[in-house]
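Enquirer: Supplied structure: start04.cif, mmCIF, N, CA and C atoms.
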```
data_query
loop_
_atom_site.label_atom_id
_atom_site.label_comp_id
_atom_site.auth_asym_id
_atom_site.auth_seq_id
_atom_site.Cartn_x
_atom_site.Cartn_y
_atom_site.Cartn_z
N MET A 1 119.97 83.10 71.08
CA MET A 1 120.44 83.15 72.46
C MET A 1 121.25 84.42 72.70
N ARG A 2 122.03 84.79 71.72
CA ARG A 2 122.88 85.96 71.87
C ARG A 2 122.05 87.24 71.98
N HIS A 3 120.93 87.28 71.28
CA HIS A 3 120.06 88.46 71.35
C HIS A 3 119.47 88.62 72.76
N HIS A 4 119.15 87.49 73.38
CA HIS A 4 118.62 87.55 74.74
C HIS A 4 119.64 88.10 75.71
N LEU A 5 120.89 87.69 75.55
CA LEU A 5 121.94 88.19 76.44
C LEU A 5 122.17 89.68 76.23
N LEU A 6 122.15 90.13 74.99
CA LEU A 6 122.33 91.55 74.72
C LEU A 6 121.18 92.36 75.30
N PHE A 7 119.97 91.83 75.14
CA PHE A 7 118.82 92.52 75.70
C PHE A 7 118.91 92.60 77.22
N ALA A 8 119.27 91.49 77.86
CA ALA A 8 119.42 91.48 79.32
C ALA A 8 120.51 92.44 79.77
N ALA A 9 121.61 92.47 79.04
CA ALA A 9 122.70 93.37 79.40
C ALA A 9 122.29 94.84 79.25
N ALA A 10 121.40 95.12 78.31
CA ALA A 10 120.95 96.49 78.12
C ALA A 10 119.89 96.89 79.14
N VAL A 11 119.03 95.96 79.53
CA VAL A 11 117.91 96.28 80.42
C VAL A 11 118.31 96.24 81.90
N LEU A 12 119.23 95.38 82.26
CA LEU A 12 119.60 95.21 83.67
C LEU A 12 120.04 96.52 84.34
N PRO A 13 120.90 97.32 83.72
CA PRO A 13 121.26 98.58 84.39
C PRO A 13 120.07 99.52 84.58
N LEU A 14 119.13 99.51 83.66
CA LEU A 14 117.96 100.35 83.82
C LEU A 14 117.10 99.90 84.99
N VAL A 15 116.95 98.60 85.13
CA VAL A 15 116.16 98.06 86.23
C VAL A 15 116.84 98.36 87.56
N LEU A 16 118.14 98.15 87.64
CA LEU A 16 118.86 98.38 88.89
C LEU A 16 118.92 99.85 89.27
N SER A 17 118.90 100.74 88.27
CA SER A 17 118.94 102.17 88.59
C SER A 17 117.67 102.61 89.29
N GLY A 18 116.58 101.88 89.12
CA GLY A 18 115.35 102.20 89.81
C GLY A 18 115.36 101.79 91.27
N CYS A 19 116.34 101.03 91.70
CA CYS A 19 116.43 100.53 93.07
C CYS A 19 117.32 101.44 93.91
N GLN A 20 117.00 102.69 93.98
CA GLN A 20 117.80 103.62 94.76
C GLN A 20 117.10 103.90 96.08
N THR A 21 117.89 104.09 97.10
CA THR A 21 117.32 104.51 98.37
C THR A 21 117.59 105.99 98.55
N VAL A 22 116.68 106.64 99.22
CA VAL A 22 116.80 108.08 99.46
C VAL A 22 117.19 108.27 100.91
N THR A 23 118.23 109.04 101.14
CA THR A 23 118.67 109.31 102.50
C THR A 23 117.66 110.24 103.18
N PRO A 24 117.65 110.26 104.51
CA PRO A 24 116.73 111.17 105.20
C PRO A 24 116.93 112.64 104.81
N GLU A 25 118.18 113.02 104.57
CA GLU A 25 118.45 114.40 104.17
C GLU A 25 117.87 114.70 102.79
N GLU A 26 118.01 113.74 101.88
CA GLU A 26 117.45 113.91 100.54
C GLU A 26 115.92 113.95 100.60
N ARG A 27 115.34 113.09 101.44
CA ARG A 27 113.88 113.07 101.59
C ARG A 27 113.39 114.41 102.13
N ARG A 28 114.10 114.96 103.11
CA ARG A 28 113.73 116.26 103.69
C ARG A 28 113.79 117.36 102.64
N ALA A 29 114.86 117.35 101.82
CA ALA A 29 114.99 118.36 100.76
C ALA A 29 113.87 118.23 99.73
N ILE A 30 113.52 117.01 99.39
CA ILE A 30 112.42 116.79 98.44
C ILE A 30 111.10 117.29 99.03
N ASP A 31 110.88 116.98 100.32
CA ASP A 31 109.65 117.44 100.98
C ASP A 31 109.61 118.96 101.06
N GLN A 32 110.74 119.58 101.35
CA GLN A 32 110.77 121.06 101.42
C GLN A 32 110.47 121.67 100.05
N ARG A 33 111.01 121.07 98.99
CA ARG A 33 110.71 121.57 97.65
C ARG A 33 109.23 121.38 97.32
N THR A 34 108.66 120.27 97.75
CA THR A 34 107.24 120.02 97.51
C THR A 34 106.39 121.06 98.21
N CYS A 35 106.67 121.30 99.48
CA CYS A 35 105.90 122.28 100.24
C CYS A 35 106.10 123.69 99.70
N ALA A 36 107.33 124.00 99.29
CA ALA A 36 107.58 125.32 98.69
C ALA A 36 106.80 125.45 97.38
N GLY A 37 106.69 124.34 96.66
CA GLY A 37 105.90 124.36 95.42
C GLY A 37 104.42 124.61 95.69
N TYR A 38 103.95 124.24 96.87
CA TYR A 38 102.57 124.52 97.26
C TYR A 38 102.39 125.97 97.70
N GLY A 39 103.51 126.69 97.86
CA GLY A 39 103.43 128.10 98.23
C GLY A 39 103.77 128.40 99.68
N PHE A 40 104.22 127.40 100.44
CA PHE A 40 104.58 127.64 101.84
C PHE A 40 105.97 128.24 101.92
N LYS A 41 106.14 129.16 102.83
CA LYS A 41 107.42 129.84 103.02
C LYS A 41 108.26 129.11 104.07
N PRO A 42 109.57 128.97 103.83
CA PRO A 42 110.45 128.30 104.80
C PRO A 42 110.44 129.02 106.14
N GLY A 43 110.47 128.21 107.22
CA GLY A 43 110.53 128.77 108.57
C GLY A 43 109.18 129.15 109.15
N THR A 44 108.09 128.90 108.45
CA THR A 44 106.77 129.25 108.98
C THR A 44 106.10 128.01 109.57
N ASP A 45 105.08 128.28 110.38
CA ASP A 45 104.31 127.17 110.95
C ASP A 45 103.61 126.37 109.86
N ALA A 46 103.17 127.06 108.82
CA ALA A 46 102.48 126.38 107.71
C ALA A 46 103.44 125.41 107.00
N MET A 47 104.69 125.82 106.84
CA MET A 47 105.69 124.93 106.22
C MET A 47 105.94 123.72 107.11
N ALA A 48 106.05 123.94 108.41
CA ALA A 48 106.26 122.83 109.33
C ALA A 48 105.08 121.87 109.28
N ARG A 49 103.88 122.41 109.21
CA ARG A 49 102.68 121.56 109.14
C ARG A 49 102.65 120.77 107.83
N CYS A 50 103.06 121.40 106.74
CA CYS A 50 103.12 120.71 105.45
C CYS A 50 104.12 119.56 105.50
N LEU A 51 105.30 119.82 106.08
CA LEU A 51 106.31 118.76 106.19
C LEU A 51 105.81 117.62 107.07
N LEU A 52 105.12 117.96 108.16
CA LEU A 52 104.57 116.95 109.05
C LEU A 52 103.51 116.12 108.32
N ASP A 53 102.64 116.78 107.57
CA ASP A 53 101.60 116.07 106.84
C ASP A 53 102.19 115.11 105.80
N LEU A 54 103.24 115.55 105.11
CA LEU A 54 103.88 114.66 104.14
C LEU A 54 104.47 113.43 104.82
N ASP A 55 105.10 113.65 105.97
CA ASP A 55 105.70 112.52 106.70
C ASP A 55 104.61 111.57 107.22
N LEU A 56 103.53 112.13 107.76
CA LEU A 56 102.44 111.29 108.25
C LEU A 56 101.79 110.50 107.11
N ASP A 57 101.62 111.14 105.96
CA ASP A 57 101.05 110.44 104.80
C ASP A 57 101.96 109.30 104.37
N ARG A 58 103.26 109.55 104.36
CA ARG A 58 104.22 108.52 103.96
C ARG A 58 104.17 107.32 104.92
N ARG A 59 104.07 107.62 106.21
CA ARG A 59 104.00 106.54 107.20
C ARG A 59 102.69 105.76 107.08
N ALA A 60 101.59 106.47 106.83
CA ALA A 60 100.31 105.79 106.65
C ALA A 60 100.33 104.90 105.41
N ASP A 61 100.95 105.37 104.33
CA ASP A 61 101.08 104.55 103.13
C ASP A 61 101.90 103.30 103.41
N MET A 62 102.96 103.45 104.19
CA MET A 62 103.81 102.31 104.51
C MET A 62 103.05 101.30 105.38
N ARG A 63 102.28 101.80 106.35
CA ARG A 63 101.48 100.88 107.17
C ARG A 63 100.44 100.15 106.32
N SER A 64 99.81 100.88 105.42
CA SER A 64 98.81 100.27 104.55
C SER A 64 99.45 99.19 103.68
N TRP A 65 100.61 99.49 103.11
CA TRP A 65 101.31 98.51 102.27
C TRP A 65 101.69 97.29 103.08
N ARG A 66 102.21 97.51 104.29
CA ARG A 66 102.60 96.40 105.15
C ARG A 66 101.41 95.53 105.52
N ASP A 67 100.28 96.18 105.84
CA ASP A 67 99.08 95.42 106.18
C ASP A 67 98.58 94.62 104.99
N GLN A 68 98.63 95.21 103.81
CA GLN A 68 98.22 94.50 102.60
C GLN A 68 99.12 93.29 102.36
N GLN A 69 100.41 93.45 102.55
CA GLN A 69 101.34 92.33 102.37
C GLN A 69 101.07 91.23 103.38
N ASN A 70 100.79 91.61 104.61
CA ASN A 70 100.50 90.61 105.64
C ASN A 70 99.23 89.83 105.32
N ARG A 71 98.23 90.53 104.78
CA ARG A 71 96.98 89.84 104.44
C ARG A 71 97.19 88.85 103.30
N THR A 72 97.98 89.23 102.31
CA THR A 72 98.13 88.36 101.15
C THR A 72 99.14 87.25 101.39
N MET A 73 100.17 87.52 102.15
CA MET A 73 101.22 86.51 102.31
C MET A 73 100.95 85.58 103.48
N TRP A 74 100.40 86.08 104.55
CA TRP A 74 100.27 85.26 105.75
C TRP A 74 98.82 85.05 106.15
N GLY A 75 97.93 85.24 105.20
CA GLY A 75 96.51 85.05 105.49
C GLY A 75 96.18 83.58 105.69
N PRO A 76 94.92 83.30 105.96
CA PRO A 76 94.53 81.91 106.19
C PRO A 76 94.72 81.07 104.92
N MET A 77 95.11 79.85 105.14
CA MET A 77 95.31 78.93 104.02
C MET A 77 94.16 77.93 104.03
N TYR A 78 93.57 77.75 102.88
CA TYR A 78 92.47 76.81 102.74
C TYR A 78 92.95 75.63 101.93
N VAL A 79 92.74 74.44 102.44
CA VAL A 79 93.13 73.22 101.75
C VAL A 79 91.85 72.50 101.36
N GLU A 80 91.75 72.20 100.10
CA GLU A 80 90.56 71.54 99.61
C GLU A 80 90.91 70.10 99.25
N ARG A 81 90.13 69.19 99.74
CA ARG A 81 90.36 67.79 99.42
C ARG A 81 89.11 67.27 98.71
N ARG A 82 89.26 66.96 97.46
CA ARG A 82 88.13 66.49 96.69
C ARG A 82 87.97 65.00 96.83
N VAL A 83 86.74 64.59 96.91
CA VAL A 83 86.43 63.17 96.98
C VAL A 83 85.70 62.81 95.68
N ILE A 84 86.30 61.91 94.95
CA ILE A 84 85.73 61.50 93.66
C ILE A 84 85.02 60.16 93.87
N ILE A 85 83.76 60.13 93.54
CA ILE A 85 82.98 58.92 93.68
C ILE A 85 82.71 58.38 92.29
N ARG A 86 83.09 57.17 92.05
CA ARG A 86 82.86 56.52 90.76
C ARG A 86 81.61 55.67 90.83
N GLU A 87 80.85 55.80 89.82
CA GLU A 87 79.67 54.94 89.74
C GLU A 87 79.96 53.85 88.71
N ASP A 88 79.94 52.61 89.12
CA ASP A 88 80.22 51.50 88.21
C ASP A 88 78.99 50.93 87.61
#
```
Kindly transcribe the structure held in the file into structure tokens.

Expert:
Amino acid sequence: MRHHLLFAAAVLPLVLSGCQTVTPEERRAIDQRTCAGYGFKPGTDAMARCLLDLDLDRRADMRSWRDQQNRTMWGPMYVERRVIIRED
């Protein structure tokens, strides 16, 4: 039992550290670094288009995820009632 508690105490901080939220400013900085990594120069129309495309892709992914969740969680429910017939 003690080993389980030690393991849980060691793993819990690692799991919780993965639950971070990114602020809009941090997201923008990450997107700018991504677009700069693609070779776009700051302040250009191409950079603005790259940032827009990243944001649109992120929104499309979120809509897709939400739609998938709605299909699996709130989809139609089928109830099956079996009738067993005994032959005597």

Enquirer: How many Å lie between atom CA of A:Met47 and atom CA of A:Trp65, rounded to one decimal?

Expert: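 These two atoms are separated by 27.1 Å.
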
Enquirer: Between A:Met62, A:Leu51, A:Met73, A:Ala46, single out the one closest to A:Asp31, counting all atoms listed in the file.

Expert: A:Leu51

Enquirer: Put the listed atoms of stretch 53-63 of chain A in a box along x, y and z with 4 Å added on every side and give me the centre and edge lengths in Å to one decimal, as JSON.

Expert:
```
{"center_x": 103.0, "center_y": 108.5, "center_z": 105.7, "size_x": 13.4, "size_y": 24.6, "size_z": 13.1}
```

Enquirer: So what do you get for atom N of A:Arg71 versus atom CA of A:Asp57, distance-wise?

Expert: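 It comes out at 20.1 Å.
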
Enquirer: Atom C of A:Thr34 to atom CA of A:Asp67: how many Å, to one decimal?

Expert: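 Spanning atom C of A:Thr34 to atom CA of A:Asp67 is a straight-line distance of 27.8 Å.
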